[in-house]
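Engineer: Can you read through this structure? Questions will come right after.
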Amino acid sequence: MSVEARDPFTEGRVRAEDEDRFVLDLPNYDGPLDLLVELARARKIDISAISVLEIADQFLARLRQAKELRLELASDWLVMAATLTLLKSRMLVPTPPAERAEAEAAIEDLALRLRRLDAVRSVMEEIMDRRQLGIHWHRPVQGGADRGPAKRVDATLHGLLSEYVREARKTLAPPPAPVRQPFLVLSVEDAIRYLEETKVLGEGWQSLFAVVPPGRTVDKVHGRSKIAATYVAALELGKRGLVEIEQRTDEPLVNVRRRIG
Amino acid sequence: MSEAVRLLEAALFVAGRSMTEEELAAVLPPGHDLKAELAALEAGLSDRGVGLVRTAVGWALRTRPEASDLATAVVGESRRLTRAAAETLAVCACFGAVTRSEIERVRGVQISPGVVDQLLQAGFIRPGQRRDTPGRPLTWKVTDTFLEHFDLMSVDDLVSLRRMREAGLDVLPPLRQNPLLAAVDGAPEEEAEEAEGGGAGGEDA
């Protein structure tokens, strides 16, 4: 290809289109696969004359040739080819009579349902076209008895029950479960990492409280968790032989120091 | 206008609703023929804006349809039913007592709970007997209020319903079996398309 023939605007588009299409070259059909499927579906082309084997061969050839295969495209082609095969096999093999009868029965049933629904709709239209009370004519408005001291309330059992249910849904509903915020705590792992990685533990004895990780304490639980986690971390490090812990009988505090040697 | 006729008119006016012939007979002083007095009342009201009409329940006073536009302007037009509610109501009218799932089967769509509530609130349907099938579902029937509202003596007055019965379409559709649908799906293309068209027709408007 000469340099002049390269049009940077159309070239990309043409190539993209080519990649999106799977163009067939058959003895009696020359064009993209999707068009062939559409034509076959609409019975505008005689699929008995189309060789599915040839399509499969060309499909495989195309797969081999494509450098970067786009999977979704290949799967589209596969579905198209499968549809074509289905159409063709349906044409070649006569439908078994049992299946055919079943299908016809289903269609019969559907047609009956639609006729019935149409009939119901015409009844609906007739009803709605009739003279309606309160729209086309009126009755005397009930006076006297429903206003003033003699006011009377009419209720049906069903009305009372459904009103009760509606009210009960509001008043008898259990209170919503309280939403607990998750506690913010210092984990033992973090405390171990802190004691290990920082130089806070010296060779001299110091109180456990002195080696609690600094930083803002959010609430009481957070503060306590810091102390507890640090204590557990010190015990864990002690178990590993990295830290020594002591508690004197005369004072309640726990002291820690790095193990020497 | 005789005393008896005046009594009847007053009773019907105060009642507001339809009164049965027994109720009306109780209003009349003894020794009067109800039929004759009603005929006299009807004749007396013949050139008035309000007339005497026969309803599904008995007798009632109604404004004359040709004189009702002004009356409507006074009281305001009442709300009309939605299409879904009207169709549900028509199903109840066509099949007598139907359960909710039967209504859905006929209409081919699911009913939202508001539809039945709306009809119930209007007093157009009422709960009937429970069906003797699993779950003992409640059936719904149209009421006298429905008949009165649409100026019907009975549902048999509906011409389209009579036609539907003649065509033998007044039986409930059987439960749809899943294998049947599967058969439609596996049917040759052209028939399957018909089935698709049918499905679209059954959608709720």
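By order of appearance in the structure tokens: chains A, B, ..., then residues from 1 within every chain, and ligands from 1 in the order shown.
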Could you produce a table of the residues of chain B lying within 6 Å of chain A, with the nearest pair of atoms per residue and their separation in Å rounded to one decimal, using only C-alpha atoms, ordered by chain and increasing residue number, as a Markdown table?
Structural biologist:
```
| residue | atom | partner | partner_atom | distance |
| --- | --- | --- | --- | --- |
| B:Phe13 | CA | A:Pro140 | CA | 5.8 |
| B:Gly16 | CA | A:Pro140 | CA | 4.9 |
| B:Leu61 | CA | A:Arg139 | CA | 5.9 |
| B:Arg62 | CA | A:Arg139 | CA | 4.6 |
| B:Thr63 | CA | A:His138 | CA | 5.2 |
| B:Pro65 | CA | A:Trp137 | CA | 5.0 |
| B:Ser68 | CA | A:Trp137 | CA | 5.3 |
| B:Glu77 | CA | A:Ile135 | CA | 5.6 |
| B:Ser78 | CA | A:Gly134 | CA | 5.8 |
| B:Glu87 | CA | A:Met124 | CA | 5.7 |
| B:Ala90 | CA | A:Met124 | CA | 4.9 |
| B:His149 | CA | A:Leu133 | CA | 4.9 |
| B:Phe150 | CA | A:Gln132 | CA | 4.9 |
| B:Ser160 | CA | A:Val123 | CA | 5.3 |
| B:Leu161 | CA | A:Val123 | CA | 5.8 |
| B:Met164 | CA | A:Ala119 | CA | 5.9 |
| B:Leu169 | CA | A:Arg116 | CA | 5.5 |
| B:Leu180 | CA | A:Ala106 | CA | 5.6 |
| B:Ala183 | CA | A:Ala103 | CA | 5.1 |
| B:Val184 | CA | A:Ala103 | CA | 5.4 |
| B:Ala187 | CA | A:Ala103 | CA | 5.8 |
```
Engineer: Using only C-alpha atoms, which residues sit within 12 Å of stretch 121-136 of chain B once same-chain residues fewer than 5 positions away are excluded, as number ranges by chain?
Structural biologist: A: 133, 155-160, 162-163; B: 78-81, 85-86, 88-93, 96-102, 114-116, 141-150
Engineer: Which residues in stretch 61-230 of chain A does DSSP call strand (DSSP E or B)? List them as a PyMOL selection string.
Structural biologist: chain A and resi 133+137+206-207
Engineer: Write to file, as a CSV table (one decimal), in the first residue's frame, the residues of the selection just made, with C-alpha atoms.
Structural biologist:
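Output (result01.csv):
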```csv
chain,number,residue,atom,x,y,z
A,133,LEU,CA,-74.1,8.0,39.2
A,137,TRP,CA,-76.8,12.0,37.0
A,206,GLN,CA,8.6,1.5,82.3
A,207,SER,CA,5.0,1.4,83.1
```
Engineer: Smallest atom-to-atom distance to A:Leu24: which of A:Val165, A:Val256, A:Val232, A:Leu60, using only C-alpha atoms?
Structural biologist: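 The answer is A:Leu60, which sits nearest to A:Leu24.
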Engineer: Could you pull the residues within 10 Å of B:Leu52, counting only C-alpha atoms, minus those fewer than 3 positions along the same chain, as a short mmCIF file (atom, residue, chain, number, x, y, z; two decimals) with N, CA and C atoms, in the first residue's frame?
Structural biologist:
```cif
data_model
loop_
_atom_site.label_atom_id
_atom_site.label_comp_id
_atom_site.auth_asym_id
_atom_site.auth_seq_id
_atom_site.Cartn_x
_atom_site.Cartn_y
_atom_site.Cartn_z
N GLU B 9 -92.30 10.39 48.24
CA GLU B 9 -91.27 11.29 47.73
C GLU B 9 -90.34 11.72 48.85
N LEU B 12 -88.02 8.83 49.89
CA LEU B 12 -86.93 8.60 48.92
C LEU B 12 -85.91 9.73 48.96
N LEU B 38 -96.68 4.70 43.34
CA LEU B 38 -95.39 4.95 42.66
C LEU B 38 -95.63 5.49 41.26
N ALA B 39 -96.61 4.92 40.57
CA ALA B 39 -96.93 5.41 39.22
C ALA B 39 -97.37 6.87 39.30
N LEU B 41 -96.49 9.04 41.58
CA LEU B 41 -95.30 9.86 41.87
C LEU B 41 -94.49 10.07 40.60
N GLU B 42 -94.32 8.99 39.84
CA GLU B 42 -93.55 9.07 38.61
C GLU B 42 -94.18 10.08 37.65
N ALA B 43 -95.50 10.01 37.56
CA ALA B 43 -96.21 10.94 36.67
C ALA B 43 -96.07 12.37 37.18
N GLY B 44 -96.16 12.52 38.51
CA GLY B 44 -96.07 13.86 39.09
C GLY B 44 -94.71 14.49 38.88
N LEU B 45 -93.66 13.64 38.82
CA LEU B 45 -92.29 14.17 38.67
C LEU B 45 -91.87 14.26 37.21
N SER B 46 -92.79 13.90 36.30
CA SER B 46 -92.37 13.74 34.91
C SER B 46 -91.81 15.02 34.30
N THR B 55 -84.34 0.81 40.18
CA THR B 55 -82.94 0.39 40.27
C THR B 55 -82.90 -1.10 40.58
N TRP B 59 -86.50 1.36 44.24
CA TRP B 59 -86.81 2.63 43.60
C TRP B 59 -85.92 3.72 44.18
N ALA B 60 -85.64 4.75 43.36
CA ALA B 60 -84.80 5.83 43.85
C ALA B 60 -85.11 7.12 43.10
N LEU B 61 -84.75 8.23 43.69
CA LEU B 61 -84.86 9.51 43.01
C LEU B 61 -83.54 9.82 42.32
N ARG B 62 -83.62 10.32 41.11
CA ARG B 62 -82.40 10.68 40.38
C ARG B 62 -82.63 12.00 39.67
N THR B 63 -81.57 12.78 39.55
CA THR B 63 -81.69 13.97 38.70
C THR B 63 -81.81 13.48 37.26
N ARG B 64 -82.47 14.26 36.44
CA ARG B 64 -82.59 13.84 35.05
C ARG B 64 -81.24 14.01 34.36
#
```
Engineer: Which residues come within 9 Å of A:Gly223, counting only C-alpha atoms, excluding same-chain residues fewer than 5 positions away, as a VMD selection string?
Structural biologist: chain A and resid 185 to 186 217 to 218 228
Engineer: What is the distance, in Å and to one decimal place, between atom CA of B:Gly108 and atom CA of B:Arg165?
Structural biologist: 19.9 Å
Engineer: If you count only C-alpha atoms, which residues fall within 12 Å of A:Gly31, apart from same-chain ones fewer than 5 positions away, as a list in words?
Structural biologist: Asp18, Arg21, Phe22, Val23, Leu24, Asp25, Leu26, Leu36, Val37, Glu38, Leu39 and Ile55 of chain A
Engineer: Could you write out that same residue set with C-alpha atoms as a short mmCIF file (atom, residue, chain, number, x, y, z; two decimals), in the first residue's frame?
Structural biologist:
```
data_model
loop_
_atom_site.label_atom_id
_atom_site.label_comp_id
_atom_site.auth_asym_id
_atom_site.auth_seq_id
_atom_site.Cartn_x
_atom_site.Cartn_y
_atom_site.Cartn_z
CA ASP A 18 -14.29 -5.32 9.01
CA ARG A 21 -18.34 -8.34 10.63
CA PHE A 22 -17.93 -11.89 9.66
CA VAL A 23 -18.23 -11.76 5.91
CA LEU A 24 -19.01 -15.01 4.18
CA ASP A 25 -18.05 -16.01 0.71
CA LEU A 26 -20.36 -18.85 -0.31
CA LEU A 36 -27.83 -14.14 6.18
CA VAL A 37 -29.45 -15.12 9.47
CA GLU A 38 -32.01 -12.34 9.13
CA LEU A 39 -32.82 -13.38 5.57
CA ILE A 55 -19.82 -21.48 7.11
#
```
Engineer: Atom CA of A:Leu237 to atom CA of A:Ile192: how many Å, to one decimal?
Structural biologist: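 Atom-to-atom, atom CA of A:Leu237 and atom CA of A:Ile192 are spaced 7.4 Å apart.
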Engineer: Taking the chain letters and numbering used in this document, name the residues of chain B that DSSP puts in alpha helix (DSSP H), as a compact mmCIF listing (two decimals) with N, CA and C atoms, in the first residue's frame.
Structural biologist:
```txt
# COMPACT_ATOMS: atom_id res chain seq x y z
N GLU B 3 -101.57 12.50 49.71
CA GLU B 3 -100.73 12.37 50.91
C GLU B 3 -99.72 11.22 50.77
N ALA B 4 -100.18 10.09 50.24
CA ALA B 4 -99.32 8.90 50.11
C ALA B 4 -98.16 9.19 49.17
N VAL B 5 -98.45 9.87 48.08
CA VAL B 5 -97.39 10.17 47.12
C VAL B 5 -96.36 11.10 47.74
N ARG B 6 -96.86 12.09 48.51
CA ARG B 6 -95.93 13.01 49.17
C ARG B 6 -95.03 12.27 50.16
N LEU B 7 -95.61 11.30 50.88
CA LEU B 7 -94.83 10.49 51.83
C LEU B 7 -93.72 9.72 51.11
N LEU B 8 -94.09 9.11 49.99
CA LEU B 8 -93.10 8.34 49.23
C LEU B 8 -91.96 9.23 48.77
N GLU B 9 -92.30 10.39 48.24
CA GLU B 9 -91.27 11.29 47.73
C GLU B 9 -90.34 11.72 48.85
N ALA B 10 -90.94 12.08 50.00
CA ALA B 10 -90.13 12.52 51.14
C ALA B 10 -89.20 11.40 51.60
N ALA B 11 -89.73 10.18 51.65
CA ALA B 11 -88.92 9.05 52.12
C ALA B 11 -87.73 8.83 51.18
N LEU B 12 -88.02 8.83 49.89
CA LEU B 12 -86.93 8.60 48.92
C LEU B 12 -85.91 9.73 48.96
N PHE B 13 -86.40 10.95 49.18
CA PHE B 13 -85.49 12.09 49.23
C PHE B 13 -84.56 11.98 50.43
N VAL B 14 -85.11 11.62 51.57
CA VAL B 14 -84.29 11.53 52.79
C VAL B 14 -83.33 10.34 52.72
N ALA B 15 -83.84 9.22 52.16
CA ALA B 15 -83.00 8.02 52.11
C ALA B 15 -81.76 8.26 51.25
N GLU B 21 -89.09 -2.25 47.77
CA GLU B 21 -90.54 -2.07 47.80
C GLU B 21 -91.10 -2.33 49.19
N GLU B 22 -90.46 -3.23 49.95
CA GLU B 22 -90.93 -3.49 51.33
C GLU B 22 -90.74 -2.23 52.18
N GLU B 23 -89.60 -1.61 52.03
CA GLU B 23 -89.33 -0.40 52.81
C GLU B 23 -90.35 0.69 52.47
N LEU B 24 -90.63 0.82 51.18
CA LEU B 24 -91.58 1.85 50.74
C LEU B 24 -92.98 1.52 51.24
N ALA B 25 -93.33 0.25 51.20
CA ALA B 25 -94.67 -0.15 51.66
C ALA B 25 -94.83 0.18 53.13
N ALA B 26 -93.73 0.08 53.90
CA ALA B 26 -93.80 0.38 55.33
C ALA B 26 -94.06 1.86 55.57
N VAL B 27 -93.66 2.70 54.61
CA VAL B 27 -93.86 4.15 54.76
C VAL B 27 -95.34 4.51 54.55
N LEU B 34 -99.07 0.21 46.56
CA LEU B 34 -97.74 0.79 46.33
C LEU B 34 -97.50 1.08 44.86
N LYS B 35 -97.84 0.10 44.01
CA LYS B 35 -97.60 0.25 42.57
C LYS B 35 -98.30 1.50 42.03
N ALA B 36 -99.56 1.67 42.44
CA ALA B 36 -100.35 2.79 41.93
C ALA B 36 -99.77 4.11 42.42
N GLU B 37 -99.36 4.15 43.70
CA GLU B 37 -98.83 5.39 44.25
C GLU B 37 -97.49 5.75 43.59
N LEU B 38 -96.68 4.70 43.34
CA LEU B 38 -95.39 4.95 42.66
C LEU B 38 -95.63 5.49 41.26
N ALA B 39 -96.61 4.92 40.57
CA ALA B 39 -96.93 5.41 39.22
C ALA B 39 -97.37 6.87 39.30
N ALA B 40 -98.15 7.20 40.32
CA ALA B 40 -98.61 8.58 40.48
C ALA B 40 -97.43 9.52 40.74
N LEU B 41 -96.49 9.04 41.58
CA LEU B 41 -95.30 9.86 41.87
C LEU B 41 -94.49 10.07 40.60
N GLU B 42 -94.32 8.99 39.84
CA GLU B 42 -93.55 9.07 38.61
C GLU B 42 -94.18 10.08 37.65
N ALA B 43 -95.50 10.01 37.56
CA ALA B 43 -96.21 10.94 36.67
C ALA B 43 -96.07 12.37 37.18
N GLY B 44 -96.16 12.52 38.51
CA GLY B 44 -96.07 13.86 39.09
C GLY B 44 -94.71 14.49 38.88
N SER B 68 -78.45 17.28 34.32
CA SER B 68 -77.46 16.98 35.37
C SER B 68 -76.17 17.77 35.25
N ASP B 69 -75.95 18.45 34.13
CA ASP B 69 -74.68 19.17 33.98
C ASP B 69 -74.51 20.22 35.06
N LEU B 70 -75.59 20.96 35.31
CA LEU B 70 -75.51 22.00 36.34
C LEU B 70 -75.33 21.37 37.70
N ALA B 71 -76.03 20.28 37.93
CA ALA B 71 -75.91 19.59 39.21
C ALA B 71 -74.48 19.11 39.42
N THR B 72 -73.86 18.62 38.36
CA THR B 72 -72.48 18.17 38.46
C THR B 72 -71.56 19.33 38.82
N ALA B 73 -71.88 20.51 38.26
CA ALA B 73 -71.06 21.68 38.57
C ALA B 73 -71.16 22.02 40.05
N VAL B 74 -72.31 21.73 40.66
CA VAL B 74 -72.49 22.05 42.09
C VAL B 74 -71.70 21.08 42.96
N VAL B 75 -71.85 19.77 42.71
CA VAL B 75 -71.22 18.80 43.62
C VAL B 75 -69.81 18.40 43.18
N ARG B 83 -58.17 2.30 34.47
CA ARG B 83 -58.41 1.23 33.51
C ARG B 83 -58.24 -0.14 34.15
N ALA B 84 -57.19 -0.27 34.97
CA ALA B 84 -56.95 -1.56 35.64
C ALA B 84 -58.13 -1.91 36.53
N ALA B 85 -58.65 -0.91 37.25
CA ALA B 85 -59.77 -1.17 38.16
C ALA B 85 -61.02 -1.51 37.35
N ALA B 86 -61.24 -0.80 36.25
CA ALA B 86 -62.42 -1.05 35.43
C ALA B 86 -62.37 -2.47 34.86
N GLU B 87 -61.17 -2.88 34.44
CA GLU B 87 -61.05 -4.21 33.86
C GLU B 87 -61.28 -5.28 34.92
N THR B 88 -60.71 -5.05 36.11
CA THR B 88 -60.92 -5.99 37.21
C THR B 88 -62.41 -6.08 37.56
N LEU B 89 -63.07 -4.94 37.56
CA LEU B 89 -64.50 -4.91 37.85
C LEU B 89 -65.27 -5.69 36.79
N ALA B 90 -64.87 -5.53 35.54
CA ALA B 90 -65.54 -6.25 34.45
C ALA B 90 -65.37 -7.75 34.62
N VAL B 91 -64.18 -8.18 35.07
CA VAL B 91 -63.96 -9.62 35.29
C VAL B 91 -64.91 -10.13 36.37
N CYS B 92 -65.04 -9.35 37.46
CA CYS B 92 -65.95 -9.76 38.54
C CYS B 92 -67.38 -9.85 38.01
N ALA B 93 -67.76 -8.90 37.15
CA ALA B 93 -69.12 -8.89 36.61
C ALA B 93 -69.35 -10.08 35.67
N CYS B 94 -68.32 -10.43 34.90
CA CYS B 94 -68.46 -11.49 33.91
C CYS B 94 -68.53 -12.87 34.54
N PHE B 95 -67.73 -13.11 35.57
CA PHE B 95 -67.58 -14.47 36.06
C PHE B 95 -68.25 -14.70 37.40
N ARG B 100 -58.78 -13.52 43.46
CA ARG B 100 -57.78 -12.61 42.94
C ARG B 100 -56.91 -13.26 41.86
N SER B 101 -56.49 -14.51 42.12
CA SER B 101 -55.60 -15.14 41.15
C SER B 101 -56.36 -15.46 39.87
N GLU B 102 -57.67 -15.70 39.99
CA GLU B 102 -58.46 -15.94 38.78
C GLU B 102 -58.56 -14.67 37.95
N ILE B 103 -58.70 -13.55 38.62
CA ILE B 103 -58.74 -12.27 37.90
C ILE B 103 -57.43 -12.07 37.15
N GLU B 104 -56.33 -12.40 37.84
CA GLU B 104 -55.02 -12.25 37.19
C GLU B 104 -54.90 -13.18 36.00
N ARG B 105 -55.47 -14.38 36.14
CA ARG B 105 -55.38 -15.35 35.05
C ARG B 105 -56.14 -14.84 33.83
N VAL B 106 -57.32 -14.26 34.07
CA VAL B 106 -58.11 -13.77 32.94
C VAL B 106 -57.42 -12.58 32.29
N ARG B 107 -56.94 -11.67 33.13
CA ARG B 107 -56.37 -10.44 32.57
C ARG B 107 -54.94 -10.64 32.07
N PRO B 113 -52.33 -4.37 44.70
CA PRO B 113 -53.31 -4.43 45.78
C PRO B 113 -54.25 -3.22 45.78
N GLY B 114 -53.75 -2.08 45.29
CA GLY B 114 -54.56 -0.87 45.30
C GLY B 114 -55.82 -0.99 44.48
N VAL B 115 -55.78 -1.84 43.46
CA VAL B 115 -56.94 -1.95 42.56
C VAL B 115 -58.14 -2.52 43.30
N VAL B 116 -57.91 -3.63 44.02
CA VAL B 116 -59.01 -4.23 44.76
C VAL B 116 -59.49 -3.27 45.86
N ASP B 117 -58.54 -2.61 46.51
CA ASP B 117 -58.91 -1.65 47.55
C ASP B 117 -59.79 -0.54 46.99
N GLN B 118 -59.43 -0.07 45.81
CA GLN B 118 -60.17 1.02 45.18
C GLN B 118 -61.62 0.59 44.92
N LEU B 119 -61.77 -0.63 44.39
CA LEU B 119 -63.12 -1.13 44.09
C LEU B 119 -63.89 -1.38 45.37
N LEU B 120 -63.15 -1.86 46.39
CA LEU B 120 -63.79 -2.14 47.67
C LEU B 120 -64.27 -0.85 48.31
N GLN B 121 -63.45 0.17 48.21
CA GLN B 121 -63.77 1.45 48.81
C GLN B 121 -64.99 2.08 48.12
N ALA B 122 -65.04 1.87 46.80
CA ALA B 122 -66.18 2.40 46.05
C ALA B 122 -67.43 1.59 46.35
N ASP B 144 -74.75 -4.55 44.74
CA ASP B 144 -75.90 -3.77 44.28
C ASP B 144 -75.47 -2.31 44.03
N THR B 145 -74.51 -1.84 44.83
CA THR B 145 -74.01 -0.49 44.61
C THR B 145 -73.45 -0.35 43.20
N PHE B 146 -72.74 -1.40 42.78
CA PHE B 146 -72.20 -1.41 41.41
C PHE B 146 -73.33 -1.31 40.40
N LEU B 147 -74.36 -2.15 40.57
CA LEU B 147 -75.48 -2.14 39.63
C LEU B 147 -76.14 -0.77 39.60
N GLU B 148 -76.35 -0.21 40.79
CA GLU B 148 -76.99 1.10 40.86
C GLU B 148 -76.14 2.17 40.21
N HIS B 149 -74.85 2.10 40.47
CA HIS B 149 -73.96 3.13 39.95
C HIS B 149 -73.98 3.16 38.43
N VAL B 159 -75.11 -6.19 27.14
CA VAL B 159 -75.21 -6.89 25.84
C VAL B 159 -73.93 -7.68 25.57
N SER B 160 -72.80 -7.04 25.84
CA SER B 160 -71.53 -7.69 25.53
C SER B 160 -71.33 -8.93 26.39
N LEU B 161 -71.87 -8.91 27.61
CA LEU B 161 -71.74 -10.08 28.48
C LEU B 161 -72.58 -11.23 27.93
N ARG B 162 -73.78 -10.90 27.41
CA ARG B 162 -74.61 -11.95 26.80
C ARG B 162 -73.89 -12.55 25.60
N ARG B 163 -73.28 -11.68 24.81
CA ARG B 163 -72.53 -12.17 23.64
C ARG B 163 -71.39 -13.08 24.07
N MET B 164 -70.73 -12.67 25.15
CA MET B 164 -69.61 -13.46 25.66
C MET B 164 -70.09 -14.84 26.09
N ARG B 165 -71.26 -14.90 26.72
CA ARG B 165 -71.79 -16.20 27.16
C ARG B 165 -72.16 -17.05 25.96
N GLU B 166 -72.74 -16.41 24.95
CA GLU B 166 -73.10 -17.18 23.75
C GLU B 166 -71.86 -17.79 23.11
N ASN B 178 -46.56 -24.99 32.82
CA ASN B 178 -45.27 -24.57 32.27
C ASN B 178 -44.85 -25.34 31.03
N PRO B 179 -45.08 -26.67 30.96
CA PRO B 179 -44.68 -27.41 29.74
C PRO B 179 -45.34 -26.83 28.50
N LEU B 180 -46.54 -26.30 28.66
CA LEU B 180 -47.25 -25.71 27.54
C LEU B 180 -46.47 -24.54 26.97
N LEU B 181 -45.99 -23.72 27.88
CA LEU B 181 -45.20 -22.57 27.44
C LEU B 181 -43.93 -23.03 26.77
N ALA B 182 -43.36 -24.08 27.34
CA ALA B 182 -42.13 -24.61 26.76
C ALA B 182 -42.39 -25.06 25.33
N ALA B 183 -43.59 -25.64 25.12
CA ALA B 183 -43.94 -26.09 23.78
C ALA B 183 -44.02 -24.90 22.82
N VAL B 184 -44.54 -23.79 23.33
CA VAL B 184 -44.62 -22.61 22.47
C VAL B 184 -43.22 -22.15 22.09
N ASP B 185 -42.34 -22.16 23.09
CA ASP B 185 -40.97 -21.71 22.82
C ASP B 185 -40.30 -22.59 21.78
N GLY B 186 -40.61 -23.90 21.82
CA GLY B 186 -39.94 -24.81 20.91
C GLY B 186 -40.64 -24.91 19.56
N GLU B 189 -40.73 -21.20 14.12
CA GLU B 189 -40.57 -19.75 14.25
C GLU B 189 -41.86 -18.95 14.10
N GLU B 190 -42.58 -19.19 13.02
CA GLU B 190 -43.73 -18.38 12.67
C GLU B 190 -44.80 -18.47 13.76
N GLU B 191 -44.97 -19.70 14.30
CA GLU B 191 -45.98 -19.86 15.34
C GLU B 191 -45.53 -19.19 16.63
N ALA B 192 -44.24 -19.29 16.88
CA ALA B 192 -43.72 -18.65 18.09
C ALA B 192 -43.93 -17.14 18.02
N GLU B 193 -43.82 -16.60 16.83
CA GLU B 193 -44.04 -15.16 16.68
C GLU B 193 -45.46 -14.77 17.07
N GLU B 194 -46.42 -15.63 16.63
CA GLU B 194 -47.81 -15.40 17.01
C GLU B 194 -47.94 -15.35 18.53
N ALA B 195 -47.26 -16.31 19.14
CA ALA B 195 -47.33 -16.37 20.60
C ALA B 195 -46.77 -15.10 21.22
N GLU B 196 -45.70 -14.59 20.64
CA GLU B 196 -45.12 -13.36 21.16
C GLU B 196 -46.10 -12.20 21.06
N GLY B 197 -46.75 -12.14 19.90
CA GLY B 197 -47.74 -11.08 19.70
C GLY B 197 -48.83 -11.16 20.73
N GLY B 198 -49.22 -12.38 21.07
CA GLY B 198 -50.27 -12.57 22.07
C GLY B 198 -49.81 -12.07 23.43
N GLY B 199 -48.56 -12.36 23.75
CA GLY B 199 -48.03 -11.93 25.05
C GLY B 199 -48.06 -10.42 25.17
N ALA B 200 -47.72 -9.75 24.05
CA ALA B 200 -47.70 -8.28 24.10
C ALA B 200 -49.10 -7.73 24.29
N GLY B 201 -50.08 -8.41 23.70
CA GLY B 201 -51.46 -7.95 23.82
C GLY B 201 -51.97 -8.06 25.24
```
